$ cat work-v9.txt   # compact mmCIF, all heavy atoms
# COMPACT_ATOMS: atom_id res chain seq x y z
N MET B 321 -34.50 -33.48 71.29
CA MET B 321 -33.67 -34.26 70.39
C MET B 321 -34.58 -34.98 69.39
O MET B 321 -35.57 -35.59 69.79
CB MET B 321 -32.86 -35.25 71.21
CG MET B 321 -31.88 -36.04 70.42
SD MET B 321 -30.43 -36.29 71.45
CE MET B 321 -29.18 -36.15 70.29
N PRO B 322 -34.26 -34.92 68.10
CA PRO B 322 -35.14 -35.54 67.10
C PRO B 322 -35.09 -37.07 67.17
O PRO B 322 -34.09 -37.67 67.56
CB PRO B 322 -34.58 -35.05 65.77
CG PRO B 322 -33.19 -34.63 66.06
CD PRO B 322 -33.15 -34.23 67.51
N ASP B 323 -36.23 -37.67 66.81
CA ASP B 323 -36.29 -39.13 66.75
C ASP B 323 -35.45 -39.62 65.59
O ASP B 323 -35.31 -38.96 64.57
CB ASP B 323 -37.74 -39.60 66.56
CG ASP B 323 -38.59 -39.30 67.78
OD1 ASP B 323 -38.04 -39.23 68.89
OD2 ASP B 323 -39.81 -39.13 67.61
N HIS B 324 -34.89 -40.81 65.74
CA HIS B 324 -34.10 -41.41 64.66
C HIS B 324 -35.03 -42.09 63.67
O HIS B 324 -35.98 -42.76 64.04
CB HIS B 324 -33.10 -42.42 65.22
CG HIS B 324 -32.00 -41.77 65.99
ND1 HIS B 324 -30.96 -41.12 65.36
CD2 HIS B 324 -31.78 -41.64 67.31
CE1 HIS B 324 -30.15 -40.63 66.28
NE2 HIS B 324 -30.64 -40.93 67.49
N ASN B 325 -34.73 -41.90 62.40
CA ASN B 325 -35.51 -42.50 61.32
C ASN B 325 -34.52 -43.28 60.45
O ASN B 325 -33.83 -42.68 59.61
CB ASN B 325 -36.21 -41.39 60.53
CG ASN B 325 -37.10 -41.93 59.44
OD1 ASN B 325 -36.99 -43.07 59.03
ND2 ASN B 325 -37.98 -41.07 58.95
N PRO B 326 -34.42 -44.60 60.64
CA PRO B 326 -33.41 -45.38 59.91
C PRO B 326 -33.43 -45.21 58.40
O PRO B 326 -32.37 -45.04 57.79
CB PRO B 326 -33.69 -46.82 60.33
CG PRO B 326 -34.32 -46.69 61.68
CD PRO B 326 -35.14 -45.42 61.61
N PRO B 327 -34.60 -45.22 57.73
CA PRO B 327 -34.57 -45.01 56.27
C PRO B 327 -34.02 -43.64 55.89
O PRO B 327 -33.28 -43.50 54.91
CB PRO B 327 -36.04 -45.15 55.84
CG PRO B 327 -36.67 -45.96 56.92
CD PRO B 327 -35.95 -45.58 58.18
N LEU B 328 -34.35 -42.61 56.67
CA LEU B 328 -33.83 -41.27 56.39
C LEU B 328 -32.32 -41.22 56.64
O LEU B 328 -31.59 -40.64 55.85
CB LEU B 328 -34.55 -40.24 57.26
CG LEU B 328 -34.12 -38.79 57.07
CD1 LEU B 328 -34.34 -38.34 55.63
CD2 LEU B 328 -34.86 -37.89 58.05
N ASP B 329 -31.87 -41.86 57.71
CA ASP B 329 -30.43 -41.91 57.99
C ASP B 329 -29.68 -42.59 56.85
O ASP B 329 -28.61 -42.14 56.43
CB ASP B 329 -30.15 -42.65 59.30
CG ASP B 329 -30.65 -41.89 60.52
OD1 ASP B 329 -30.94 -40.68 60.40
OD2 ASP B 329 -30.77 -42.53 61.59
N ASP B 330 -30.23 -43.69 56.33
CA ASP B 330 -29.60 -44.40 55.21
C ASP B 330 -29.57 -43.52 53.97
O ASP B 330 -28.57 -43.49 53.24
CB ASP B 330 -30.34 -45.70 54.90
CG ASP B 330 -30.16 -46.75 55.98
OD1 ASP B 330 -29.20 -46.63 56.78
OD2 ASP B 330 -30.97 -47.69 56.02
N ALA B 331 -30.66 -42.81 53.70
CA ALA B 331 -30.71 -41.93 52.53
C ALA B 331 -29.68 -40.81 52.65
O ALA B 331 -29.00 -40.48 51.67
CB ALA B 331 -32.12 -41.35 52.37
N ILE B 332 -29.54 -40.25 53.83
CA ILE B 332 -28.57 -39.17 54.04
C ILE B 332 -27.15 -39.70 53.82
O ILE B 332 -26.33 -39.05 53.16
CB ILE B 332 -28.72 -38.56 55.44
CG1 ILE B 332 -30.04 -37.78 55.50
CG2 ILE B 332 -27.53 -37.68 55.80
CD1 ILE B 332 -30.42 -37.31 56.89
N ARG B 333 -26.85 -40.89 54.33
CA ARG B 333 -25.51 -41.48 54.12
C ARG B 333 -25.26 -41.74 52.64
O ARG B 333 -24.16 -41.51 52.14
CB ARG B 333 -25.38 -42.78 54.91
CG ARG B 333 -25.05 -42.56 56.35
CD ARG B 333 -24.70 -43.88 57.06
NE ARG B 333 -25.05 -43.77 58.44
CZ ARG B 333 -26.17 -44.22 58.99
NH1 ARG B 333 -27.06 -44.84 58.26
NH2 ARG B 333 -26.41 -44.06 60.27
N GLU B 334 -26.27 -42.24 51.93
CA GLU B 334 -26.11 -42.53 50.51
C GLU B 334 -25.87 -41.25 49.71
O GLU B 334 -24.99 -41.20 48.84
CB GLU B 334 -27.34 -43.25 49.99
CG GLU B 334 -27.20 -43.72 48.56
CD GLU B 334 -28.36 -44.59 48.10
OE1 GLU B 334 -29.08 -45.13 48.95
OE2 GLU B 334 -28.53 -44.70 46.88
N ILE B 335 -26.63 -40.21 50.01
CA ILE B 335 -26.44 -38.93 49.32
C ILE B 335 -25.07 -38.35 49.63
O ILE B 335 -24.38 -37.84 48.73
CB ILE B 335 -27.57 -37.95 49.71
CG1 ILE B 335 -28.90 -38.43 49.12
CG2 ILE B 335 -27.25 -36.53 49.25
CD1 ILE B 335 -30.12 -37.72 49.66
N ALA B 336 -24.64 -38.44 50.89
CA ALA B 336 -23.32 -37.94 51.26
C ALA B 336 -22.23 -38.70 50.51
O ALA B 336 -21.25 -38.11 50.04
CB ALA B 336 -23.11 -38.06 52.76
N ASN B 337 -22.39 -40.01 50.36
CA ASN B 337 -21.42 -40.82 49.63
C ASN B 337 -21.38 -40.42 48.16
O ASN B 337 -20.30 -40.29 47.57
CB ASN B 337 -21.76 -42.30 49.78
CG ASN B 337 -20.70 -43.18 49.15
OD1 ASN B 337 -19.52 -42.84 49.15
ND2 ASN B 337 -21.11 -44.32 48.63
N LEU B 338 -22.54 -40.20 47.56
CA LEU B 338 -22.59 -39.78 46.16
C LEU B 338 -21.93 -38.41 45.96
O LEU B 338 -21.18 -38.21 45.00
CB LEU B 338 -24.04 -39.73 45.67
CG LEU B 338 -24.72 -41.09 45.51
CD1 LEU B 338 -26.21 -40.89 45.24
CD2 LEU B 338 -24.07 -41.89 44.41
N LEU B 339 -22.20 -37.48 46.88
CA LEU B 339 -21.59 -36.16 46.78
C LEU B 339 -20.08 -36.22 46.96
O LEU B 339 -19.33 -35.55 46.24
CB LEU B 339 -22.19 -35.21 47.82
CG LEU B 339 -23.64 -34.78 47.57
CD1 LEU B 339 -24.18 -34.00 48.75
CD2 LEU B 339 -23.74 -33.98 46.30
N ALA B 340 -19.62 -37.05 47.89
CA ALA B 340 -18.17 -37.19 48.11
C ALA B 340 -17.50 -37.79 46.89
O ALA B 340 -16.43 -37.34 46.47
CB ALA B 340 -17.91 -38.05 49.35
N THR B 341 -18.12 -38.80 46.30
CA THR B 341 -17.57 -39.43 45.10
C THR B 341 -17.51 -38.44 43.95
O THR B 341 -16.51 -38.35 43.24
CB THR B 341 -18.41 -40.67 44.71
OG1 THR B 341 -18.40 -41.59 45.80
CG2 THR B 341 -17.85 -41.35 43.48
N ALA B 342 -18.59 -37.68 43.76
CA ALA B 342 -18.62 -36.68 42.68
C ALA B 342 -17.55 -35.62 42.91
O ALA B 342 -16.85 -35.22 41.97
CB ALA B 342 -20.00 -36.04 42.60
N TYR B 343 -17.40 -35.17 44.15
CA TYR B 343 -16.38 -34.16 44.46
C TYR B 343 -14.98 -34.70 44.13
O TYR B 343 -14.18 -34.01 43.51
CB TYR B 343 -16.46 -33.76 45.93
CG TYR B 343 -15.28 -32.94 46.36
CD1 TYR B 343 -15.19 -31.59 46.01
CD2 TYR B 343 -14.23 -33.49 47.07
CE1 TYR B 343 -14.10 -30.82 46.38
CE2 TYR B 343 -13.13 -32.75 47.44
CZ TYR B 343 -13.07 -31.42 47.10
OH TYR B 343 -11.98 -30.68 47.46
N LEU B 344 -14.70 -35.92 44.57
CA LEU B 344 -13.37 -36.48 44.32
C LEU B 344 -13.10 -36.66 42.83
O LEU B 344 -11.99 -36.44 42.37
CB LEU B 344 -13.21 -37.81 45.05
CG LEU B 344 -13.12 -37.69 46.57
CD1 LEU B 344 -13.13 -39.08 47.21
CD2 LEU B 344 -11.89 -36.92 46.99
N ARG B 345 -14.13 -37.05 42.07
CA ARG B 345 -13.94 -37.20 40.63
C ARG B 345 -13.69 -35.87 39.95
O ARG B 345 -12.91 -35.78 39.00
CB ARG B 345 -15.17 -37.88 40.02
CG ARG B 345 -15.23 -39.35 40.35
CD ARG B 345 -16.42 -40.01 39.72
NE ARG B 345 -16.44 -41.42 40.05
CZ ARG B 345 -17.43 -42.22 39.80
NH1 ARG B 345 -18.51 -41.77 39.18
NH2 ARG B 345 -17.37 -43.49 40.14
N LEU B 346 -14.34 -34.81 40.43
CA LEU B 346 -14.11 -33.48 39.87
C LEU B 346 -12.77 -32.91 40.32
O LEU B 346 -12.07 -32.25 39.56
CB LEU B 346 -15.23 -32.53 40.29
CG LEU B 346 -16.58 -32.78 39.62
CD1 LEU B 346 -17.65 -31.92 40.29
CD2 LEU B 346 -16.51 -32.50 38.14
N ARG B 347 -12.43 -33.15 41.56
CA ARG B 347 -11.20 -32.58 42.14
C ARG B 347 -9.96 -33.28 41.60
O ARG B 347 -8.93 -32.66 41.38
CB ARG B 347 -11.26 -32.72 43.66
CG ARG B 347 -10.09 -32.19 44.41
CD ARG B 347 -10.05 -30.65 44.35
NE ARG B 347 -9.02 -30.14 45.22
CZ ARG B 347 -7.79 -29.83 44.81
NH1 ARG B 347 -7.45 -29.97 43.56
NH2 ARG B 347 -6.91 -29.38 45.65
N PHE B 348 -10.04 -34.60 41.39
CA PHE B 348 -8.90 -35.39 40.93
C PHE B 348 -9.30 -36.20 39.70
O PHE B 348 -9.45 -37.42 39.78
CB PHE B 348 -8.42 -36.33 42.04
CG PHE B 348 -8.08 -35.63 43.32
CD1 PHE B 348 -8.92 -35.70 44.42
CD2 PHE B 348 -6.90 -34.90 43.44
CE1 PHE B 348 -8.62 -35.06 45.61
CE2 PHE B 348 -6.58 -34.26 44.62
CZ PHE B 348 -7.44 -34.33 45.71
N PRO B 349 -9.48 -35.55 38.55
CA PRO B 349 -9.98 -36.26 37.36
C PRO B 349 -9.05 -37.36 36.87
O PRO B 349 -9.52 -38.35 36.31
CB PRO B 349 -10.13 -35.15 36.32
CG PRO B 349 -9.31 -34.02 36.80
CD PRO B 349 -9.24 -34.15 38.29
N ASP B 350 -7.75 -37.22 37.08
CA ASP B 350 -6.82 -38.26 36.62
C ASP B 350 -6.92 -39.53 37.44
O ASP B 350 -6.55 -40.60 36.99
CB ASP B 350 -5.37 -37.75 36.67
CG ASP B 350 -5.15 -36.60 35.70
OD1 ASP B 350 -5.93 -36.47 34.74
OD2 ASP B 350 -4.20 -35.83 35.93
N GLN B 351 -7.40 -39.42 38.66
CA GLN B 351 -7.49 -40.57 39.55
C GLN B 351 -8.92 -41.09 39.67
O GLN B 351 -9.21 -41.88 40.56
CB GLN B 351 -6.95 -40.20 40.93
CG GLN B 351 -5.50 -39.79 40.91
CD GLN B 351 -5.05 -39.31 42.28
OE1 GLN B 351 -5.80 -39.26 43.23
NE2 GLN B 351 -3.79 -38.93 42.37
N ALA B 352 -9.81 -40.66 38.78
CA ALA B 352 -11.23 -41.03 38.89
C ALA B 352 -11.44 -42.53 38.85
O ALA B 352 -12.34 -43.05 39.48
CB ALA B 352 -12.03 -40.36 37.78
N ARG B 353 -10.60 -43.22 38.12
CA ARG B 353 -10.76 -44.67 38.04
C ARG B 353 -10.38 -45.37 39.33
O ARG B 353 -10.75 -46.51 39.55
CB ARG B 353 -9.93 -45.22 36.89
CG ARG B 353 -10.53 -44.90 35.54
CD ARG B 353 -9.69 -45.43 34.42
NE ARG B 353 -9.24 -44.27 33.67
CZ ARG B 353 -8.01 -44.03 33.30
NH1 ARG B 353 -7.07 -44.86 33.58
NH2 ARG B 353 -7.70 -42.94 32.65
N GLN B 354 -9.65 -44.70 40.19
CA GLN B 354 -9.19 -45.32 41.43
C GLN B 354 -10.14 -45.09 42.60
O GLN B 354 -9.97 -45.67 43.65
CB GLN B 354 -7.81 -44.78 41.80
CG GLN B 354 -6.75 -45.12 40.77
CD GLN B 354 -5.42 -44.47 41.09
OE1 GLN B 354 -5.28 -43.79 42.08
NE2 GLN B 354 -4.44 -44.69 40.24
N VAL B 355 -11.15 -44.23 42.43
CA VAL B 355 -12.09 -43.93 43.50
C VAL B 355 -13.11 -45.05 43.60
O VAL B 355 -13.78 -45.39 42.64
CB VAL B 355 -12.80 -42.59 43.24
CG1 VAL B 355 -13.86 -42.32 44.31
CG2 VAL B 355 -11.78 -41.46 43.20
N ASP B 356 -13.22 -45.65 44.77
CA ASP B 356 -14.21 -46.70 44.99
C ASP B 356 -15.52 -46.08 45.46
O ASP B 356 -15.54 -45.19 46.29
CB ASP B 356 -13.74 -47.68 46.06
CG ASP B 356 -12.74 -48.69 45.52
OD1 ASP B 356 -12.64 -48.80 44.29
OD2 ASP B 356 -12.08 -49.37 46.32
N SER B 357 -16.59 -46.55 44.91
CA SER B 357 -17.91 -46.17 45.35
C SER B 357 -18.76 -47.44 45.31
O SER B 357 -18.32 -48.45 44.76
CB SER B 357 -18.49 -45.09 44.44
OG SER B 357 -18.79 -45.63 43.18
N PRO B 358 -19.95 -47.42 45.86
CA PRO B 358 -20.77 -48.64 45.82
C PRO B 358 -20.99 -49.16 44.40
O PRO B 358 -21.11 -50.36 44.20
CB PRO B 358 -22.09 -48.19 46.44
CG PRO B 358 -21.73 -47.05 47.31
CD PRO B 358 -20.56 -46.36 46.61
N GLU B 359 -21.01 -48.26 43.40
CA GLU B 359 -21.23 -48.71 42.03
C GLU B 359 -19.99 -49.35 41.42
O GLU B 359 -20.08 -50.19 40.55
CB GLU B 359 -21.65 -47.53 41.14
CG GLU B 359 -22.98 -46.91 41.51
CD GLU B 359 -22.84 -45.87 42.60
OE1 GLU B 359 -21.73 -45.36 42.82
OE2 GLU B 359 -23.85 -45.59 43.26
N THR B 360 -18.82 -48.92 41.86
CA THR B 360 -17.57 -49.39 41.25
C THR B 360 -16.63 -50.00 42.28
O THR B 360 -15.43 -49.97 42.11
CB THR B 360 -16.85 -48.22 40.56
OG1 THR B 360 -16.52 -47.24 41.55
CG2 THR B 360 -17.68 -47.61 39.46
N GLU B 361 -17.18 -50.52 43.34
CA GLU B 361 -16.36 -51.03 44.42
C GLU B 361 -15.47 -52.17 43.94
O GLU B 361 -15.92 -53.09 43.27
CB GLU B 361 -17.26 -51.52 45.56
CG GLU B 361 -16.48 -51.89 46.79
CD GLU B 361 -17.40 -52.18 47.96
OE1 GLU B 361 -18.40 -51.47 48.11
OE2 GLU B 361 -17.10 -53.12 48.69
N SER B 362 -14.20 -52.06 44.23
CA SER B 362 -13.27 -53.08 43.82
C SER B 362 -13.13 -54.12 44.93
O SER B 362 -13.28 -53.80 46.11
CB SER B 362 -11.90 -52.48 43.51
OG SER B 362 -11.39 -51.82 44.64
N PRO B 363 -12.87 -55.37 44.58
CA PRO B 363 -12.71 -56.39 45.62
C PRO B 363 -11.45 -56.12 46.44
O PRO B 363 -10.45 -55.67 45.91
CB PRO B 363 -12.58 -57.68 44.83
CG PRO B 363 -12.22 -57.29 43.46
CD PRO B 363 -12.70 -55.88 43.26
N HIS B 364 -11.55 -56.37 47.72
CA HIS B 364 -10.41 -56.17 48.61
C HIS B 364 -9.62 -57.47 48.71
O HIS B 364 -10.18 -58.52 48.90
CB HIS B 364 -10.88 -55.73 50.00
CG HIS B 364 -11.57 -54.40 49.95
ND1 HIS B 364 -10.89 -53.22 49.83
CD2 HIS B 364 -12.87 -54.08 49.97
CE1 HIS B 364 -11.75 -52.23 49.80
NE2 HIS B 364 -12.96 -52.72 49.87
N VAL B 365 -8.34 -57.34 48.54
CA VAL B 365 -7.45 -58.51 48.56
C VAL B 365 -6.53 -58.38 49.76
O VAL B 365 -5.94 -57.34 49.98
CB VAL B 365 -6.63 -58.58 47.27
CG1 VAL B 365 -5.71 -59.79 47.29
CG2 VAL B 365 -7.54 -58.62 46.06
N SER B 366 -6.44 -59.45 50.54
CA SER B 366 -5.50 -59.40 51.66
C SER B 366 -4.24 -60.18 51.30
O SER B 366 -4.30 -61.23 50.69
CB SER B 366 -6.10 -59.97 52.93
OG SER B 366 -7.23 -60.70 52.75
N ALA B 367 -3.14 -59.58 51.67
CA ALA B 367 -1.85 -60.24 51.40
C ALA B 367 -1.68 -61.42 52.34
O ALA B 367 -2.01 -61.36 53.50
CB ALA B 367 -0.72 -59.23 51.59
N GLY B 368 -1.15 -62.48 51.80
CA GLY B 368 -1.04 -63.69 52.62
C GLY B 368 0.30 -63.99 52.96
O GLY B 368 1.28 -64.03 53.32

$ encode --input "work-v9.txt" --output "structure tokens"
Amino acid sequence: MPDHNPPLDDAIREIANLLATAYLRLRFPDQARQVDSPETESPHVSAG
């Protein structure tokens, strides 16, 4: 079993997130403004 490398794990997650965001923007161009990513993360509001 391979050793865990936290920086590599973080890089893999970041790349996967970028690829998922790019895919969703290409797949659903009309909804591109609604896709949250770390660069465009919208604040979360809880109903009271």

$ atom_distance --input "work-v9.txt" --atom1 "atom CA of Pro326 of chain B" --atom2 "atom CA of Tyr343 of chain B"
25.6 Å

$ atom_distance --input "work-v9.txt" --atom1 "atom CA of Leu346 of chain B" --atom2 "atom CA of Pro327 of chain B"
28.6 Å

$ axis_aligned_box --input "work-v9.txt" --around "segment 337-354 of chain B" --padding-each-side "3 Å" --output "JSON"
{"center_x": -15.0, "center_y": -37.9, "center_z": 41.5, "size_x": 28.4, "size_y": 23.1, "size_z": 23.7}
